[in-house]
$ cat work18.csv   # CSV, C-alpha atoms
chain,number,residue,atom,x,y,z
A,1,MET,CA,29.8,29.3,73.5
A,2,PRO,CA,26.2,30.2,72.8
A,3,CYS,CA,24.8,32.1,69.9
A,4,ILE,CA,25.3,35.9,70.4
A,5,SER,CA,21.8,36.6,69.1
A,6,PRO,CA,19.5,33.8,69.8
A,7,PRO,CA,17.7,31.9,68.4
A,8,GLU,CA,20.7,30.5,66.4
A,9,LEU,CA,20.5,30.6,62.7
A,10,PRO,CA,18.6,27.6,61.1
A,11,GLU,CA,20.8,25.2,59.1
A,12,GLY,CA,19.1,26.4,55.9
A,13,ALA,CA,20.6,29.8,56.5
A,14,LEU,CA,24.0,28.2,57.2
A,15,LEU,CA,23.7,26.3,53.9
A,16,ARG,CA,23.0,29.5,52.0
A,17,PHE,CA,25.9,31.2,53.8
A,18,LEU,CA,28.3,28.4,52.7
A,19,ASP,CA,27.0,28.8,49.1
A,20,GLY,CA,27.5,32.5,49.2
A,21,GLU,CA,23.7,33.1,48.9
A,22,ALA,CA,23.0,34.4,52.4
A,23,ASP,CA,21.3,37.8,52.9
A,24,GLU,CA,22.9,40.7,54.6
A,25,ARG,CA,21.3,39.9,58.0
A,26,VAL,CA,22.9,36.4,58.0
A,27,GLU,CA,26.2,37.7,56.7
A,28,GLN,CA,26.3,40.2,59.6
A,29,HIS,CA,25.4,37.6,62.1
A,30,MET,CA,28.1,35.2,60.8
A,31,ARG,CA,30.7,38.0,61.1
A,32,THR,CA,30.2,38.2,64.9
A,33,CYS,CA,28.9,34.9,66.1
A,34,GLU,CA,31.5,32.2,66.8
A,35,HIS,CA,28.8,29.7,67.7
A,36,CYS,CA,27.0,29.8,64.4
A,37,LEU,CA,30.3,30.1,62.5
A,38,GLU,CA,31.4,26.8,64.1
A,39,ARG,CA,28.1,25.2,63.2
A,40,ALA,CA,28.7,26.3,59.6
A,41,ARG,CA,32.2,24.8,59.7
A,42,SER,CA,30.8,21.5,60.9
A,43,LEU,CA,28.2,21.6,58.1
A,44,ALA,CA,30.9,22.4,55.6
A,45,ARG,CA,33.0,19.5,56.8
A,46,LEU,CA,30.1,17.1,56.4
A,47,GLN,CA,29.3,18.4,52.9
A,48,GLY,CA,33.0,18.2,52.0
A,49,ARG,CA,33.2,14.6,53.0
A,50,LEU,CA,30.1,13.7,51.1
A,51,ARG,CA,31.4,15.4,47.9
A,52,ALA,CA,34.8,13.9,48.3
A,53,SER,CA,33.3,10.5,48.5
A,54,LEU,CA,30.6,10.8,45.9
A,55,TYR,CA,31.8,13.3,43.3
A,56,ARG,CA,31.0,11.8,39.9
A,57,PHE,CA,30.9,8.3,41.4
A,58,ASP,CA,28.7,6.9,38.7
A,59,CYS,CA,30.1,8.8,35.7
A,60,PRO,CA,31.4,6.6,32.9
A,61,SER,CA,35.1,6.8,32.2
A,62,SER,CA,36.3,9.2,29.6
A,63,SER,CA,37.2,6.2,27.4
A,64,ASP,CA,33.6,4.9,27.7
A,65,LEU,CA,32.2,8.3,26.8
A,66,GLY,CA,34.5,8.3,23.8
A,67,GLU,CA,33.5,4.9,22.7
A,68,TYR,CA,29.8,5.9,23.2
A,69,HIS,CA,30.3,8.8,20.9
A,70,LEU,CA,32.0,6.6,18.3
A,71,GLY,CA,29.2,4.1,18.5
A,72,MET,CA,31.4,1.3,19.6
A,73,LEU,CA,29.6,0.2,22.8
A,74,PRO,CA,27.1,-2.6,23.1
A,75,SER,CA,23.5,-1.3,23.1
A,76,ALA,CA,22.9,-1.8,26.8
A,77,GLU,CA,26.0,0.2,27.8
A,78,SER,CA,25.2,2.8,25.3
A,79,LYS,CA,21.7,3.2,26.6
A,80,ALA,CA,23.0,3.5,30.2
A,81,ILE,CA,25.4,6.2,29.2
A,82,ARG,CA,22.8,8.0,27.2
A,83,ALA,CA,20.6,8.1,30.3
A,84,HIS,CA,23.4,9.3,32.5
A,85,ILE,CA,24.3,12.1,30.1
A,86,GLN,CA,20.8,13.4,30.4
A,87,LEU,CA,21.4,13.8,34.2
A,88,CYS,CA,25.1,14.7,34.4
A,89,PRO,CA,26.2,18.2,33.2
A,90,HIS,CA,29.8,17.2,33.6
A,91,CYS,CA,29.6,14.2,31.2
A,92,ALA,CA,27.4,16.2,28.8
A,93,GLN,CA,30.1,18.9,28.8
A,94,GLU,CA,32.9,16.4,28.2
A,95,LEU,CA,31.0,14.8,25.4
A,96,ALA,CA,30.4,18.2,23.8
A,97,VAL,CA,34.1,19.0,24.0
A,98,LEU,CA,35.0,15.6,22.5
A,99,GLU,CA,32.5,16.1,19.6
A,100,SER,CA,33.9,19.5,18.8
A,101,TYR,CA,37.5,18.2,19.0
A,102,LEU,CA,36.9,15.2,16.8
A,103,GLU,CA,34.9,17.3,14.3
A,104,ALA,CA,37.8,19.8,14.1
A,105,LEU,CA,40.2,16.9,13.4
A,106,ARG,CA,38.0,15.2,10.9
A,107,PRO,CA,39.7,16.7,7.8
A,108,ASP,CA,43.0,15.1,9.0
A,109,LEU,CA,41.4,11.6,8.5
A,110,GLU,CA,40.2,12.2,5.0
A,111,ILE,CA,42.4,10.5,2.5
A,112,ARG,CA,43.1,13.2,0.0
A,113,ALA,CA,43.5,12.5,-3.7
A,114,GLY,CA,47.2,13.1,-3.6
A,115,GLU,CA,47.6,10.5,-0.8
A,116,ARG,CA,46.3,7.8,-3.0
A,117,VAL,CA,49.0,8.4,-5.5
A,118,ARG,CA,51.3,5.4,-6.2
A,119,VAL,CA,54.9,6.5,-5.9
A,120,TRP,CA,57.9,5.0,-7.5
A,121,ILE,CA,61.6,5.9,-7.2
A,122,ALA,CA,63.3,5.7,-10.5
A,123,ARG,CA,66.5,3.7,-10.9
A,124,LEU,CA,69.4,5.0,-13.0
A,125,MET,CA,70.1,2.7,-15.8
A,126,SER,CA,73.0,2.8,-18.2
A,127,GLY,CA,72.3,3.1,-21.9
A,128,SER,CA,73.2,-0.5,-22.4
A,129,GLN,CA,70.9,-1.7,-19.6
A,130,ALA,CA,68.1,0.3,-20.9
A,131,ALA,CA,68.4,-1.4,-24.2
A,132,LYS,CA,67.9,-4.8,-22.5
A,133,GLY,CA,64.7,-3.8,-20.9
A,134,PRO,CA,63.4,-2.7,-17.5
A,135,GLY,CA,65.6,-3.2,-14.5
A,136,PRO,CA,64.8,-3.7,-10.8
A,137,GLN,CA,62.0,-1.4,-9.5
A,138,PHE,CA,61.8,0.8,-6.4
A,139,ALA,CA,65.5,1.4,-6.1
A,140,PRO,CA,66.9,4.8,-5.1
A,141,ALA,CA,68.2,6.9,-8.0
A,142,LEU,CA,71.9,7.4,-8.1
A,143,ALA,CA,74.1,10.0,-9.8
A,144,GLY,CA,72.9,13.3,-11.2
A,145,VAL,CA,72.2,14.2,-14.7
A,146,ARG,CA,75.3,14.8,-16.6
A,147,GLY,CA,75.9,17.3,-19.2
A,148,ALA,CA,75.4,16.8,-22.9
A,149,ALA,CA,78.9,15.8,-23.4
A,150,ALA,CA,78.3,12.6,-21.3
A,151,GLY,CA,75.1,11.7,-23.2
A,152,PRO,CA,71.6,11.2,-21.9
A,153,LEU,CA,70.9,9.2,-18.8
A,154,ILE,CA,68.2,6.7,-18.6
A,155,TYR,CA,66.0,6.1,-15.6
A,156,MET,CA,63.5,3.3,-15.2
A,157,ALA,CA,60.5,2.8,-12.9
A,158,GLU,CA,57.7,0.3,-13.2
A,159,GLY,CA,58.2,0.0,-17.0
A,160,VAL,CA,58.5,3.7,-17.5
A,161,GLN,CA,61.7,4.9,-19.1
A,162,ILE,CA,62.9,8.5,-18.7
A,163,ALA,CA,65.8,9.8,-20.7
A,164,MET,CA,67.2,13.2,-19.8
A,165,GLU,CA,69.9,15.5,-21.0
A,166,VAL,CA,71.2,18.8,-19.8
A,167,VAL,CA,72.5,21.4,-22.2
A,168,GLU,CA,73.6,24.9,-21.7
A,169,ASP,CA,71.0,27.4,-22.7
A,170,ALA,CA,72.4,29.2,-25.8
A,171,GLU,CA,70.3,32.3,-25.1
A,172,GLN,CA,71.2,32.5,-21.4
A,173,PRO,CA,74.9,31.8,-20.8
A,174,GLY,CA,75.5,30.2,-17.5
A,175,ARG,CA,72.0,28.8,-17.4
A,176,GLY,CA,71.0,25.3,-18.5
A,177,GLN,CA,68.1,23.4,-20.0
A,178,LEU,CA,66.8,20.0,-19.0
A,179,LEU,CA,65.5,18.0,-21.9
A,180,GLY,CA,63.5,14.9,-21.2
A,181,LEU,CA,61.6,12.1,-23.0
A,182,VAL,CA,59.3,9.7,-21.2
A,183,THR,CA,58.3,6.4,-22.8
A,184,GLY,CA,56.5,3.3,-21.8
A,185,VAL,CA,53.4,5.1,-20.4
A,186,GLU,CA,50.6,7.3,-21.6
A,187,THR,CA,51.8,10.8,-20.5
A,188,LYS,CA,48.6,12.7,-21.3
A,189,GLY,CA,48.0,15.0,-18.3
A,190,TRP,CA,51.4,14.4,-16.8
A,191,THR,CA,53.6,17.2,-15.4
A,192,VAL,CA,57.2,17.3,-14.3
A,193,GLN,CA,58.4,19.3,-11.3
A,194,LEU,CA,61.9,20.3,-10.3
A,195,TRP,CA,62.6,20.9,-6.7
A,196,ARG,CA,65.6,22.5,-5.0
A,197,LEU,CA,66.2,22.9,-1.3
A,198,ASP,CA,62.6,21.9,-0.6
A,199,GLU,CA,61.2,24.5,-3.0
A,200,ARG,CA,59.6,23.8,-6.3
A,201,VAL,CA,61.5,25.8,-8.8
A,202,ALA,CA,59.9,24.7,-12.1
A,203,GLU,CA,56.9,22.8,-13.4
A,204,THR,CA,56.0,22.0,-16.9
A,205,PRO,CA,53.6,19.7,-18.7
A,206,ILE,CA,54.8,16.6,-20.5
A,207,ASP,CA,53.4,16.5,-24.0
A,208,ASP,CA,51.5,13.5,-25.5
A,209,ALA,CA,54.7,12.3,-27.1
A,210,GLY,CA,56.4,12.3,-23.7
A,211,ASN,CA,58.7,15.3,-24.3
A,212,PHE,CA,59.4,18.0,-21.8
A,213,THR,CA,61.8,20.9,-21.4
A,214,ILE,CA,62.7,23.0,-18.4
A,215,GLN,CA,64.7,26.1,-19.0
A,216,ASP,CA,66.6,28.7,-17.0
A,217,LEU,CA,68.3,26.4,-14.6
A,218,ILE,CA,71.3,27.0,-12.5
A,219,SER,CA,73.7,24.2,-11.7
A,220,GLY,CA,73.2,22.5,-8.4
A,221,GLU,CA,71.4,19.6,-6.7
A,222,TYR,CA,67.7,19.0,-7.6
A,223,SER,CA,65.1,16.4,-7.3
A,224,LEU,CA,62.5,15.6,-9.9
A,225,ILE,CA,58.9,14.5,-9.7
A,226,MET,CA,56.8,13.6,-12.6
A,227,GLY,CA,53.4,12.0,-13.0
A,228,ASP,CA,49.7,12.7,-12.6
A,229,SER,CA,47.0,12.4,-9.9
A,230,GLU,CA,47.4,8.6,-9.8
A,231,ARG,CA,51.1,7.9,-9.9
A,232,GLU,CA,54.4,9.7,-9.4
A,233,ILE,CA,57.9,8.9,-10.3
A,234,HIS,CA,60.6,10.4,-8.2
A,235,ILE,CA,64.2,11.0,-9.1
A,236,PRO,CA,65.9,12.3,-5.9
A,237,GLU,CA,69.3,14.0,-5.7
A,238,LEU,CA,69.9,15.2,-9.2
A,239,LYS,CA,73.1,17.1,-9.7
A,240,MET,CA,72.9,19.3,-12.7
A,241,GLU,CA,76.2,20.4,-14.2
A,242,TRP,CA,77.3,21.5,-17.6
B,1,MET,CA,53.0,16.2,26.5
B,2,ASP,CA,54.7,12.9,26.6
B,3,TYR,CA,52.5,11.9,29.5
B,4,PHE,CA,49.4,12.4,27.5
B,5,LEU,CA,50.8,10.7,24.4
B,6,ASN,CA,51.8,7.6,26.4
B,7,ARG,CA,48.4,7.4,28.1
B,8,ALA,CA,46.7,7.8,24.7
B,9,PHE,CA,48.7,5.0,23.1
B,10,GLU,CA,48.2,2.8,26.1
B,11,ARG,CA,44.4,3.1,25.6
B,12,LEU,CA,44.7,2.5,21.9
B,13,TRP,CA,46.8,-0.6,22.5
B,14,SER,CA,44.3,-1.9,24.8
B,15,ALA,CA,41.6,-1.4,22.3
B,16,LEU,CA,43.6,-3.1,19.5
B,17,GLU,CA,44.0,-6.3,21.3
B,18,SER,CA,42.1,-9.5,20.5
B,19,ALA,CA,38.3,-9.2,19.9
B,20,LYS,CA,38.2,-5.4,20.3
B,21,PHE,CA,40.2,-5.1,17.1
B,22,GLU,CA,37.2,-6.3,15.1
B,23,ARG,CA,35.4,-3.1,16.0
B,24,PHE,CA,37.7,-1.2,13.6
B,25,SER,CA,36.7,-1.4,9.9
B,26,ASN,CA,39.6,0.7,8.4
B,27,LEU,CA,42.6,2.8,9.1
B,28,SER,CA,40.5,5.9,9.5
B,29,SER,CA,38.5,4.4,12.3
B,30,ILE,CA,41.7,3.4,14.1
B,31,LEU,CA,43.1,6.9,13.8
B,32,ARG,CA,39.8,8.4,15.0
B,33,TYR,CA,39.9,6.2,18.0
B,34,LEU,CA,43.4,7.4,18.7
B,35,GLN,CA,42.2,10.9,18.5
B,36,MET,CA,39.6,10.0,21.1
B,37,CYS,CA,42.2,8.4,23.3
B,38,VAL,CA,44.2,11.6,23.4
B,39,HIS,CA,41.1,13.5,24.5
B,40,SER,CA,40.3,10.8,27.0
B,41,ALA,CA,43.8,11.0,28.5
B,42,ILE,CA,43.5,14.7,29.0
B,43,MET,CA,40.0,14.4,30.4
B,44,ASP,CA,41.1,11.9,33.0
B,45,HIS,CA,43.9,14.2,34.0
B,46,LEU,CA,41.4,17.1,34.4
B,47,ARG,CA,39.0,14.8,36.3
B,48,ARG,CA,41.7,13.9,38.8
B,49,LYS,CA,42.6,17.5,39.3
B,50,GLU,CA,38.9,18.4,39.7
B,51,HIS,CA,38.4,15.7,42.2
B,52,ASP,CA,41.5,16.7,44.2
B,53,HIS,CA,40.0,20.2,44.4
B,54,VAL,CA,36.5,19.3,45.5
B,55,PRO,CA,36.5,21.7,48.4
B,56,LEU,CA,36.2,21.0,52.1
B,57,GLU,CA,35.0,24.5,52.3
B,58,GLU,CA,37.4,27.2,53.2
B,59,HIS,CA,36.0,28.5,56.4
B,60,ASP,CA,38.4,26.7,58.8
B,61,ALA,CA,41.8,26.1,57.4
B,62,SER,CA,43.1,24.9,60.7
B,63,LEU,CA,40.8,21.9,60.6
B,64,ALA,CA,41.3,21.2,56.9
B,65,SER,CA,44.2,18.7,57.3
B,66,GLN,CA,42.3,16.8,60.0
B,67,SER,CA,39.2,16.7,57.9
B,68,ALA,CA,41.2,15.4,54.9
B,69,SER,CA,42.6,12.6,57.0
B,70,ILE,CA,39.1,11.7,58.1
B,71,GLU,CA,37.9,11.8,54.5
B,72,ARG,CA,40.7,9.4,53.5
B,73,GLN,CA,39.6,7.0,56.2
B,74,ALA,CA,36.0,7.3,55.1
B,75,ILE,CA,36.8,6.6,51.6
B,76,ARG,CA,38.9,3.6,52.5
B,77,ARG,CA,36.0,2.2,54.6
B,78,VAL,CA,33.2,2.5,52.2
B,79,THR,CA,33.4,2.3,48.4
B,80,ARG,CA,31.7,5.2,46.6
B,81,ASP,CA,29.0,3.0,45.2
B,82,GLU,CA,28.3,1.4,48.6
B,83,LEU,CA,28.0,4.8,50.2
B,84,TRP,CA,25.6,5.9,47.6
B,85,VAL,CA,23.5,2.8,48.0
B,86,LEU,CA,23.4,3.5,51.8
B,87,LEU,CA,22.5,7.2,51.3
B,88,GLU,CA,19.9,6.4,48.7
B,89,SER,CA,18.3,3.9,51.1
B,90,LYS,CA,17.8,6.8,53.6
B,91,MET,CA,16.0,9.0,51.1
B,92,ARG,CA,12.2,9.3,51.5
B,93,ASP,CA,11.3,10.4,48.0
B,94,GLU,CA,12.6,11.3,44.6
B,95,LYS,CA,13.1,14.9,45.5
B,96,GLU,CA,15.4,14.0,48.3
B,97,ARG,CA,17.3,11.5,46.1
B,98,VAL,CA,17.7,14.1,43.4
B,99,CYS,CA,18.8,16.8,45.8
B,100,ILE,CA,21.5,14.7,47.4
B,101,TYR,CA,22.7,13.2,44.1
B,102,ALA,CA,22.9,16.6,42.5
B,103,SER,CA,24.5,18.3,45.5
B,104,PHE,CA,27.2,15.7,46.2
B,105,ALA,CA,27.7,13.5,43.1
B,106,LEU,CA,27.4,16.3,40.7
B,107,SER,CA,28.5,19.1,43.1
B,108,LEU,CA,25.8,21.4,42.0
B,109,LYS,CA,24.6,24.3,44.1
B,110,PRO,CA,20.8,24.5,44.8
B,111,ARG,CA,20.3,27.2,42.1
B,112,GLN,CA,22.0,24.9,39.6
B,113,VAL,CA,20.0,21.9,40.9
B,114,LEU,CA,16.8,23.8,40.2
B,115,GLU,CA,17.8,24.7,36.7
B,116,HIS,CA,19.3,21.4,35.7
B,117,PHE,CA,16.6,19.2,37.1
B,118,ASP,CA,13.8,21.0,35.5
B,119,GLY,CA,10.4,20.3,37.0
B,120,VAL,CA,11.6,18.5,40.1
B,121,PHE,CA,11.7,21.5,42.4
B,122,ALA,CA,9.5,24.6,42.4
B,123,SER,CA,12.1,27.0,43.7
B,124,VAL,CA,15.6,27.5,45.1
B,125,ASP,CA,14.0,27.7,48.5
B,126,GLU,CA,12.5,24.3,48.1
B,127,VAL,CA,15.9,22.8,47.2
B,128,TYR,CA,17.5,24.3,50.2
B,129,GLY,CA,14.6,23.1,52.4
B,130,VAL,CA,15.0,19.5,51.1
B,131,LYS,CA,18.7,19.6,51.5
B,132,GLN,CA,18.5,21.0,55.0
B,133,ASN,CA,16.1,18.2,56.1
B,134,VAL,CA,18.1,15.5,54.5
B,135,ILE,CA,21.4,16.6,56.0
B,136,ALA,CA,19.8,17.0,59.5
B,137,ARG,CA,18.5,13.5,59.2
B,138,LEU,CA,21.7,12.0,58.0
B,139,ARG,CA,23.6,13.6,60.8
B,140,ARG,CA,21.4,11.8,63.3
B,141,ASP,CA,21.6,8.5,61.4
B,142,PRO,CA,24.0,6.1,63.2
B,143,ASP,CA,24.9,4.3,60.0
B,144,ILE,CA,26.0,7.5,58.3
B,145,ALA,CA,27.8,8.8,61.4
B,146,GLU,CA,29.7,5.5,61.7
B,147,ARG,CA,30.9,5.5,58.1
B,148,MET,CA,31.7,9.2,57.8
B,149,LEU,CA,33.5,9.4,61.2
B,150,GLY,CA,34.1,12.6,63.0
B,151,ASP,CA,30.6,13.7,62.0
B,152,ASP,CA,29.9,16.4,64.4
$ encode --input "work18.csv" --output "structure tokens"
Amino acid sequence: MPCISPPELPEGALLRFLDGEADERVEQHMRTCEHCLERARSLARLQGRLRASLYRFDCPSSSDLGEYHLGMLPSAESKAIRAHIQLCPHCAQELAVLESYLEALRPDLEIRAGERVRVWIARLMSGSQAAKGPGPQFAPALAGVRGAAAGPLIYMAEGVQIAMEVVEDAEQPGRGQLLGLVTGVETKGWTVQLWRLDERVAETPIDDAGNFTIQDLISGEYSLIMGDSEREIHIPELKMEW
Amino acid sequence: MDYFLNRAFERLWSALESAKFERFSNLSSILRYLQMCVHSAIMDHLRRKEHDHVPLEEHDASLASQSASIERQAIRRVTRDELWVLLESKMRDEKERVCIYASFALSLKPRQVLEHFDGVFASVDEVYGVKQNVIARLRRDPDIAERMLGDD
């Protein structure tokens, strides 16, 4: 089938048509000429095959791009990738996305002050064991803090002794007070927190003598954390009853 | 999600073996590498999808399946690098080489070629002119015709 309006369109016009850049004259011709349309299809097939075969054939892998960004590649490989990125907008774009992504996640890699804290779990000691000296370390705490009638309970952790007692608050019937004494460590700057159901319900400083008091407590199950920016002592699962 | 996580950890594991482990100076560097591995796994997935959708052109859907079959045969016959070496050997100058590389390896349209390769071409018309000449010559080349098959 010949061209309906010879001479047939040049291949340059067909290339522009395939790219959507043809002028109205060419568009009009292509709407009616099966001959030139078939030539365009042939050209499109050839271009399609070339793209399918060659698309990003010499692009570095995404892993190599990542290692390039992290400065982990040998100099020769790094130099080659750097040269490629100058030419390839796809790799340049991927690298830009990677840089932005890693920068956004950078704070997650910073070790915050709180994460350097040494944490100990205090062990419940009987009064007689406390008198003999420190017991085993890093053991889970056991029973809760009993009321005043049962006497204070002694916890130990890494040479630190914690004696605690719960009494009913005389000014608030039905409410309790937790009285504590910490010895065996310099408590300047220390605080003690009480937690209940994943919520911090009270916090108070420990004085230089190691004393602390927490008031207005309801009976129930708590956990206790005391310490400073460098170390923490945890007493989990405290049952406070009076 | 699991797919990307598994791919990310596979890459990290590969990097942590033997001599490669010496590249990591501390925990932060390992974690950073893992973050990069996650990104890499996603990018590879997107690259594969991108490659699958490199168009044959949409002007003749009836021939699309036939063309795809021919493409698969072409790819099996010649590795991508070998094909580029062959094509590059047919280019007469740097402009032709850049035009073909940009058009098919980077899948850029002539207007994008002009912008991206600043200073190589004077105008979009020149890019189209170079591309037209190269394609016409490639279609007449028996080496290219043999390797690409069905070249009409």
$ residues_around --input "work18.csv" --residues "Trp195 (chain A)" --least-positions-apart "2" --cutoff "12 Å" --atoms "only C-alpha atoms" --output "number ranges by chain"
A: 192-193, 197-203, 214, 217, 220-226, 234-239
$ write_last_selection --input "work18.csv" --atoms "C-alpha atoms" --output "short mmCIF file (atom, residue, chain, number, x, y, z; two decimals), in the frame of the given file"
data_model
loop_
_atom_site.label_atom_id
_atom_site.label_comp_id
_atom_site.auth_asym_id
_atom_site.auth_seq_id
_atom_site.Cartn_x
_atom_site.Cartn_y
_atom_site.Cartn_z
CA VAL A 192 57.20 17.30 -14.30
CA GLN A 193 58.40 19.30 -11.30
CA LEU A 197 66.20 22.90 -1.30
CA ASP A 198 62.60 21.90 -0.60
CA GLU A 199 61.20 24.50 -3.00
CA ARG A 200 59.60 23.80 -6.30
CA VAL A 201 61.50 25.80 -8.80
CA ALA A 202 59.90 24.70 -12.10
CA GLU A 203 56.90 22.80 -13.40
CA ILE A 214 62.70 23.00 -18.40
CA LEU A 217 68.30 26.40 -14.60
CA GLY A 220 73.20 22.50 -8.40
CA GLU A 221 71.40 19.60 -6.70
CA TYR A 222 67.70 19.00 -7.60
CA SER A 223 65.10 16.40 -7.30
CA LEU A 224 62.50 15.60 -9.90
CA ILE A 225 58.90 14.50 -9.70
CA MET A 226 56.80 13.60 -12.60
CA HIS A 234 60.60 10.40 -8.20
CA ILE A 235 64.20 11.00 -9.10
CA PRO A 236 65.90 12.30 -5.90
CA GLU A 237 69.30 14.00 -5.70
CA LEU A 238 69.90 15.20 -9.20
CA LYS A 239 73.10 17.10 -9.70
#
$ residues_around --input "work18.csv" --residues "Ile154 (chain A)" --least-positions-apart "6" --cutoff "6 Å" --atoms "all atoms listed in the file" --output "PDB file with C-alpha atoms, in the frame of the given file"
ATOM      1  CA  LEU A 124      69.400   5.000 -13.000  1.00  0.00           C
ATOM      2  CA  MET A 125      70.100   2.700 -15.800  1.00  0.00           C
ATOM      3  CA  ILE A 162      62.900   8.500 -18.700  1.00  0.00           C
ATOM      4  CA  ALA A 163      65.800   9.800 -20.700  1.00  0.00           C
TER       5      ALA A 163
END
$ residues_around --input "work18.csv" --residues "Arg47 (chain B)" --least-positions-apart "5" --cutoff "12 Å" --atoms "all atoms listed in the file" --output "PyMOL selection string"
(chain A and resi 55-57+59-62+90-91+94) or (chain B and resi 40-42+52-54)
$ residues_around --input "work18.csv" --residues "Arg111 (chain B)" --least-positions-apart "3" --cutoff "12 Å" --atoms "all atoms listed in the file" --output "MDAnalysis selection string"
(chainID A and resid 16 19:21) or (chainID B and resid 99 102:103 107:108 114:118 121:128)
$ closest_atom_pairs --input "work18.csv" --of "chain A" --to "chain B" --cutoff "7 Å" --atoms "all atoms listed in the file" --output "JSON lines"
{"residue": "A:Glu11", "atom": "CA", "partner": "B:Gln132", "partner_atom": "CA", "distance": 6.3}
{"residue": "A:Gly12", "atom": "CA", "partner": "B:Gln132", "partner_atom": "CA", "distance": 5.5}
{"residue": "A:Arg41", "atom": "CA", "partner": "B:His59", "partner_atom": "CA", "distance": 6.2}
{"residue": "A:Ser42", "atom": "CA", "partner": "B:Asp152", "partner_atom": "CA", "distance": 6.3}
{"residue": "A:Ala44", "atom": "CA", "partner": "B:Glu57", "partner_atom": "CA", "distance": 5.7}
{"residue": "A:Arg45", "atom": "CA", "partner": "B:Leu56", "partner_atom": "CA", "distance": 5.9}
{"residue": "A:Leu46", "atom": "CA", "partner": "B:Asp151", "partner_atom": "CA", "distance": 6.6}
{"residue": "A:Gly48", "atom": "CA", "partner": "B:Leu56", "partner_atom": "CA", "distance": 4.3}
{"residue": "A:Arg49", "atom": "CA", "partner": "B:Glu71", "partner_atom": "CA", "distance": 5.7}
{"residue": "A:Leu50", "atom": "CA", "partner": "B:Phe104", "partner_atom": "CA", "distance": 6.0}
{"residue": "A:Arg51", "atom": "CA", "partner": "B:Phe104", "partner_atom": "CA", "distance": 4.5}
{"residue": "A:Ala52", "atom": "CA", "partner": "B:Val54", "partner_atom": "CA", "distance": 6.3}
{"residue": "A:Ser53", "atom": "CA", "partner": "B:Arg80", "partner_atom": "CA", "distance": 5.9}
{"residue": "A:Leu54", "atom": "CA", "partner": "B:Ala105", "partner_atom": "CA", "distance": 4.9}
{"residue": "A:Tyr55", "atom": "CA", "partner": "B:Ala105", "partner_atom": "CA", "distance": 4.1}
{"residue": "A:Arg56", "atom": "CA", "partner": "B:Ala105", "partner_atom": "CA", "distance": 4.9}
{"residue": "A:Phe57", "atom": "CA", "partner": "B:Arg80", "partner_atom": "CA", "distance": 6.1}
{"residue": "A:Ser62", "atom": "CA", "partner": "B:Ser40", "partner_atom": "CA", "distance": 5.0}
{"residue": "A:Ser63", "atom": "CA", "partner": "B:Ser40", "partner_atom": "CA", "distance": 5.6}
{"residue": "A:Gly66", "atom": "CA", "partner": "B:Met36", "partner_atom": "CA", "distance": 6.0}
{"residue": "A:Met72", "atom": "CA", "partner": "B:Arg23", "partner_atom": "CA", "distance": 7.0}
{"residue": "A:Cys88", "atom": "CA", "partner": "B:Leu106", "partner_atom": "CA", "distance": 6.9}
{"residue": "A:Leu98", "atom": "CA", "partner": "B:His39", "partner_atom": "CA", "distance": 6.8}
{"residue": "A:Leu109", "atom": "CA", "partner": "B:Ser28", "partner_atom": "CA", "distance": 5.9}
$ atom_distance --input "work18.csv" --atom1 "CA of Val113 (chain B)" --atom2 "CA of His45 (chain B)"
26.0 Å
$ atom_distance --input "work18.csv" --atom1 "CA of Glu103 (chain A)" --atom2 "CA of Asp64 (chain A)"
18.3 Å
$ closest_residue --input "work18.csv" --among "A:Val26, A:Arg175, A:Arg31, A:Ile206" --to "Ala13 (chain A)" --atoms "only C-alpha atoms"
A:Val26
$ atom_distance --input "work18.csv" --atom1 "CA of Pro205 (chain A)" --atom2 "CA of Glu171 (chain A)"
21.9 Å
